[in-house]
>>> print(open('start.txt').read())   # compact mmCIF, C-alpha atoms
# COMPACT_ATOMS: atom_id res chain seq x y z
CA MET A 33 -69.98 -142.71 -60.72
CA ASP A 34 -73.53 -141.42 -60.84
CA PHE A 35 -75.27 -138.20 -59.77
CA LYS A 36 -76.02 -139.43 -56.22
CA GLN A 37 -72.38 -140.34 -55.64
CA MET A 38 -71.15 -136.99 -56.98
CA TYR A 39 -73.74 -135.15 -54.88
CA SER A 40 -72.59 -137.00 -51.76
CA ILE A 41 -68.98 -135.79 -52.11
CA ASN A 42 -68.32 -133.29 -49.34
CA VAL A 43 -66.42 -130.35 -50.86
CA ASN A 44 -66.79 -128.16 -47.77
CA GLU A 45 -63.03 -128.14 -47.12
CA ASN A 46 -62.70 -126.09 -50.30
CA VAL A 47 -65.78 -123.89 -49.96
CA GLU A 48 -64.92 -120.25 -49.34
CA LYS A 49 -67.07 -117.33 -48.36
CA LYS A 50 -66.89 -113.94 -50.00
CA GLY A 51 -69.25 -111.44 -48.45
CA ARG A 52 -72.52 -113.26 -47.83
CA PHE A 53 -72.00 -115.84 -50.60
CA LYS A 54 -70.34 -119.25 -50.50
CA TYR A 55 -68.46 -120.54 -53.48
CA LEU A 56 -66.22 -123.37 -54.62
CA SER A 57 -63.16 -122.15 -56.50
CA TRP A 58 -63.02 -123.41 -60.08
CA SER A 59 -59.59 -124.99 -59.57
CA HIS A 60 -60.80 -127.09 -56.62
CA ALA A 61 -64.04 -127.99 -58.42
CA TRP A 62 -62.23 -129.10 -61.56
CA LYS A 63 -59.75 -131.16 -59.49
CA TRP A 64 -62.59 -132.96 -57.64
CA PHE A 65 -64.48 -133.49 -60.89
CA VAL A 66 -61.60 -134.86 -62.96
CA GLU A 67 -60.63 -137.22 -60.13
CA GLN A 68 -64.06 -138.83 -60.63
CA TYR A 69 -64.31 -138.33 -64.43
CA PRO A 70 -60.79 -138.27 -65.94
CA ASN A 71 -62.20 -138.01 -69.49
CA ALA A 72 -64.43 -135.01 -68.73
CA THR A 73 -64.24 -132.04 -71.09
CA TYR A 74 -65.67 -128.55 -71.03
CA ILE A 75 -66.30 -125.86 -73.59
CA VAL A 76 -66.65 -122.13 -73.08
CA VAL A 77 -69.34 -121.16 -75.60
CA LYS A 78 -68.26 -118.39 -78.00
CA ASP A 79 -69.90 -116.44 -80.80
CA GLU A 80 -68.71 -116.15 -84.42
CA ASN A 81 -66.26 -113.40 -83.33
CA ASN A 82 -64.74 -115.69 -80.69
CA GLN A 83 -66.32 -113.65 -77.85
CA CYS A 84 -67.35 -115.68 -74.81
CA TYR A 85 -70.07 -113.30 -73.62
CA PHE A 86 -73.51 -112.51 -74.96
CA GLY A 87 -75.78 -109.54 -74.24
CA ASN A 88 -75.79 -105.76 -74.26
CA LYS A 89 -75.18 -102.73 -72.04
CA GLU A 90 -78.88 -102.30 -71.26
CA MET A 91 -79.60 -105.81 -70.01
CA GLY A 92 -76.14 -107.04 -69.04
CA TYR A 93 -74.15 -110.03 -70.26
CA MET A 94 -74.29 -113.82 -69.98
CA VAL A 95 -71.65 -116.50 -70.34
CA TYR A 96 -72.22 -120.16 -71.18
CA THR A 97 -70.29 -123.39 -70.64
CA MET A 98 -70.87 -127.01 -71.61
CA VAL A 99 -69.45 -130.01 -69.75
CA THR A 100 -69.41 -133.50 -71.24
CA VAL A 101 -68.93 -136.77 -69.39
CA ASP A 102 -69.49 -140.18 -70.98
CA LYS A 103 -71.58 -138.73 -73.84
CA ILE A 104 -73.75 -136.70 -71.44
CA THR A 105 -73.51 -132.93 -71.92
CA HIS A 106 -74.95 -130.31 -69.60
CA GLU A 107 -75.07 -126.65 -70.61
CA MET A 108 -75.07 -123.85 -68.03
CA TRP A 109 -75.37 -120.06 -68.16
CA LEU A 110 -74.53 -117.31 -65.73
CA PRO A 111 -74.84 -113.52 -65.83
CA VAL A 112 -71.67 -111.47 -65.46
CA MET A 113 -72.14 -110.18 -61.90
CA ASP A 114 -70.49 -108.00 -59.30
CA HIS A 115 -69.68 -108.98 -55.69
CA ASN A 116 -73.36 -108.47 -54.74
CA ASN A 117 -74.58 -110.86 -57.45
CA LYS A 118 -76.02 -107.97 -59.45
CA ALA A 119 -75.62 -107.90 -63.24
CA ILE A 120 -72.78 -105.73 -64.54
CA LYS A 121 -74.00 -103.71 -67.52
CA ASN A 122 -70.50 -102.80 -68.78
CA PRO A 123 -68.13 -105.55 -67.56
CA ASP A 124 -64.38 -105.61 -68.02
CA MET A 125 -62.48 -108.73 -69.08
CA MET A 126 -61.71 -109.73 -65.49
CA ALA A 127 -65.42 -109.77 -64.59
CA ILE A 128 -66.15 -111.82 -67.70
CA ASN A 129 -63.33 -114.27 -66.91
CA LYS A 130 -64.61 -114.73 -63.34
CA ALA A 131 -68.15 -115.27 -64.63
CA VAL A 132 -66.97 -117.95 -67.08
CA MET A 133 -65.15 -119.86 -64.34
CA ARG A 134 -68.09 -119.53 -61.90
CA CYS A 135 -70.33 -120.77 -64.70
CA LEU A 136 -68.06 -123.79 -65.13
CA VAL A 137 -68.37 -124.62 -61.42
CA LYS A 138 -72.15 -124.27 -61.62
CA ASN A 139 -72.07 -126.52 -64.69
CA LEU A 140 -70.11 -129.17 -62.77
CA ALA A 141 -72.75 -128.95 -60.04
CA MET A 142 -75.33 -130.13 -62.58
CA PHE A 143 -73.53 -133.49 -62.40
CA GLY A 144 -73.89 -133.34 -58.59
CA LEU A 145 -70.54 -131.94 -57.41
CA GLY A 146 -71.21 -129.26 -54.78
CA LEU A 147 -74.82 -128.81 -55.94
CA TYR A 148 -75.88 -128.27 -52.32
CA ILE A 149 -73.94 -124.98 -52.33
CA TYR A 150 -76.49 -123.55 -54.75
CA ALA A 151 -79.53 -124.47 -52.66
CA GLY A 152 -81.57 -121.31 -52.22
CA GLU A 153 -79.87 -119.24 -54.93
CA ASP A 154 -83.17 -118.98 -56.77
CA LEU A 155 -84.93 -117.53 -53.74
CA PRO A 156 -85.88 -113.83 -53.67
CA SER A 157 -83.09 -111.37 -52.89
CA GLU A 158 -82.67 -110.10 -49.33
CA GLU A 159 -84.72 -106.98 -49.91
CA ASP A 160 -87.64 -109.18 -51.04
CA THR A 161 -87.55 -111.56 -48.07
CA PRO A 162 -88.83 -111.09 -44.52
CA THR A 163 -86.36 -110.36 -41.76
CA PRO A 164 -84.98 -113.62 -40.34
CA PRO A 165 -85.59 -114.51 -36.68
CA LYS A 166 -83.40 -112.88 -34.05
CA LYS A 167 -80.26 -114.83 -33.23
CA THR A 168 -81.53 -115.43 -29.71
CA GLU A 169 -84.34 -117.61 -31.09
CA THR A 170 -83.57 -121.26 -31.63
CA THR A 171 -84.57 -122.52 -35.04
CA VAL A 172 -86.56 -125.76 -35.12
CA LYS A 173 -84.82 -127.69 -37.93
CA THR A 174 -85.32 -125.64 -41.09
CA ASN A 175 -89.09 -125.95 -41.29
CA LYS A 176 -91.08 -123.17 -42.93
CA CYS A 177 -94.63 -121.97 -42.45
CA VAL A 178 -96.94 -123.59 -44.98
CA ASP A 179 -98.63 -120.20 -45.64
CA CYS A 180 -95.97 -117.48 -45.58
CA LYS A 181 -92.77 -119.58 -45.89
CA THR A 182 -91.01 -117.88 -42.96
CA ILE A 183 -88.67 -120.05 -40.91
CA ILE A 184 -90.41 -121.66 -37.96
CA THR A 185 -88.79 -121.01 -34.59
CA LYS A 186 -89.70 -122.05 -31.08
CA THR A 187 -91.18 -118.62 -30.44
CA ASN A 188 -93.32 -118.33 -33.58
CA LEU A 189 -94.49 -121.96 -33.92
CA ALA A 190 -98.26 -122.18 -33.68
CA GLY A 191 -98.86 -125.66 -34.94
CA HIS A 192 -97.55 -128.76 -36.69
CA ASN A 193 -99.65 -131.23 -38.67
CA LYS A 194 -97.84 -134.54 -38.19
CA ASP A 195 -99.80 -136.22 -41.03
CA THR A 196 -98.64 -133.74 -43.67
CA ASP A 197 -95.52 -132.52 -41.79
CA GLU A 198 -96.67 -128.93 -42.31
CA TYR A 199 -95.93 -126.12 -39.88
CA ILE A 200 -97.77 -122.85 -39.35
CA CYS A 201 -96.56 -119.70 -37.61
CA LYS A 202 -98.61 -117.75 -35.08
CA THR A 203 -99.27 -114.88 -37.50
CA CYS A 204 -100.73 -117.13 -40.20
CA LEU A 205 -102.75 -119.14 -37.70
CA PHE A 206 -104.24 -115.88 -36.42
CA LYS A 207 -105.06 -114.82 -40.01
CA ARG A 208 -106.74 -118.17 -40.64
CA GLN A 209 -108.80 -117.82 -37.48
CA GLU A 210 -109.82 -114.32 -38.53
CA GLY A 211 -110.96 -115.69 -41.90
CA GLY A 212 -107.91 -114.62 -43.94
CA LYS A 213 -107.35 -118.08 -45.42
>>> encode(input="start.txt", output="structure tokens")
Amino acid sequence: MDFKQMYSINVNENVEKKGRFKYLSWSHAWKWFVEQYPNATYIVVKDENNQCYFGNKEMGYMVYTMVTVDKITHEMWLPVMDHNNKAIKNPDMMAINKAVMRCLVKNLAMFGLGLYIYAGEDLPSEEDTPTPPKKTETTVKTNKCVDCKTIITKTNLAGHNKDTDEYICKTCLFKRQEGGK
């Protein structure tokens, strides 16, 4: 099985939502993964004192895992976080354990399994992003404005370049016309 085949596996029946985040439980992820790669192995990375977390109380802590399949190893890292995905500066063992297992699932996603769940996780946090369109607006696919990256809706669509498949919202078109770009 290759990356494309693993990526195409629909794990949605096991995806759960906690707060505003979706996740795939480690037990379901490992089951799906080992069904495809029975010889897969993983390692929780530890220091010389056998501790599985790295960091300090000022910055927070990270955990690391490595997954190997057919002589291919992917390493992954994940901060120890709370339910809002904010770093915990003084985590307890339960928070560290949860971080290790979430890191394992993220590591498995590097082989393709459930990778689509992570789409957008590297985007700015909610307080850094513009307010999404009102629910009464109908979203046109998931196209974004070429200038400001806001989601294009029927009510804010100003134009679409069919050659480049780029969209522009009314606000950015107005700014361009006023000489802003």
>>> residues_around(input="start.txt", residues="A:His106", least_positions_apart="2", cutoff="12 Å", atoms="all atoms listed in the file", output="list in words")
Ala72, Thr73, Tyr74, Ile75, Tyr96, Thr97, Met98, Val99, Thr100, Val101, Asp102, Lys103, Ile104, Met108, Trp109, Cys135, Leu136, Val137, Lys138, Asn139, Leu140, Ala141, Met142, Phe143 and Gly144 of chain A
>>> closest_residue(input="start.txt", among="A:Val132, A:Gly92, A:Gly51, A:Thr105", to="A:Ile120", atoms="all atoms listed in the file")
A:Gly92
>>> axis_aligned_box(input="start.txt", around="stretch 128-137 of chain A", padding_each_side="3 Å", output="lines of an AutoDock Vina configuration file")
center_x = -66.8
center_y = -118.2
center_z = -64.6
size_x = 13.0
size_y = 18.8
size_z = 12.3
>>> closest_residue(input="start.txt", among="A:Cys201, A:Val178, A:Val76, A:Met38", to="A:Ala61", atoms="only C-alpha atoms")
A:Met38
>>> atom_distance(input="start.txt", atom1="atom CA of A:Pro111", atom2="atom CA of A:Val95")
6.3 Å
>>> residues_around(input="start.txt", residues="stretch 57-60 of chain A", least_positions_apart="5", cutoff="12 Å", atoms="all atoms listed in the file", output="PyMOL selection string")
chain A and resi 43-50+65-67+129-141+145-146+149
>>> residues_near_point(input="start.txt", point="(-102.2, -120.9, -40.6)", cutoff="10 Å", atoms="only C-alpha atoms", output="list in words")
Cys177, Val178, Asp179, Cys180, Ala190, Gly191, His192, Glu198, Tyr199, Ile200, Cys201, Lys202, Thr203, Cys204, Leu205, Phe206, Lys207, Arg208, Gln209, Gly212 and Lys213 of chain A
>>> atom_distance(input="start.txt", atom1="atom CA of A:Met125", atom2="atom CA of A:Cys84")
10.2 Å
>>> residues_near_point(input="start.txt", point="(-76.0, -111.3, -73.0)", cutoff="12 Å", atoms="all atoms listed in the file", output="list in words")
Lys78, Asp79, Gln83, Cys84, Tyr85, Phe86, Gly87, Asn88, Lys89, Glu90, Met91, Gly92, Tyr93, Met94, Val95, Tyr96, Trp109, Leu110, Pro111, Val112, Met113, Ala119, Ile120, Lys121, Asn122, Pro123 and Ile128 of chain A
>>> closest_residue(input="start.txt", among="A:Asp124, A:Glu80, A:Asp114, A:Asp34", to="A:Phe53", atoms="only C-alpha atoms")
A:Asp114
>>> atom_distance(input="start.txt", atom1="atom CA of A:Asn42", atom2="atom CA of A:Leu147")
10.3 Å
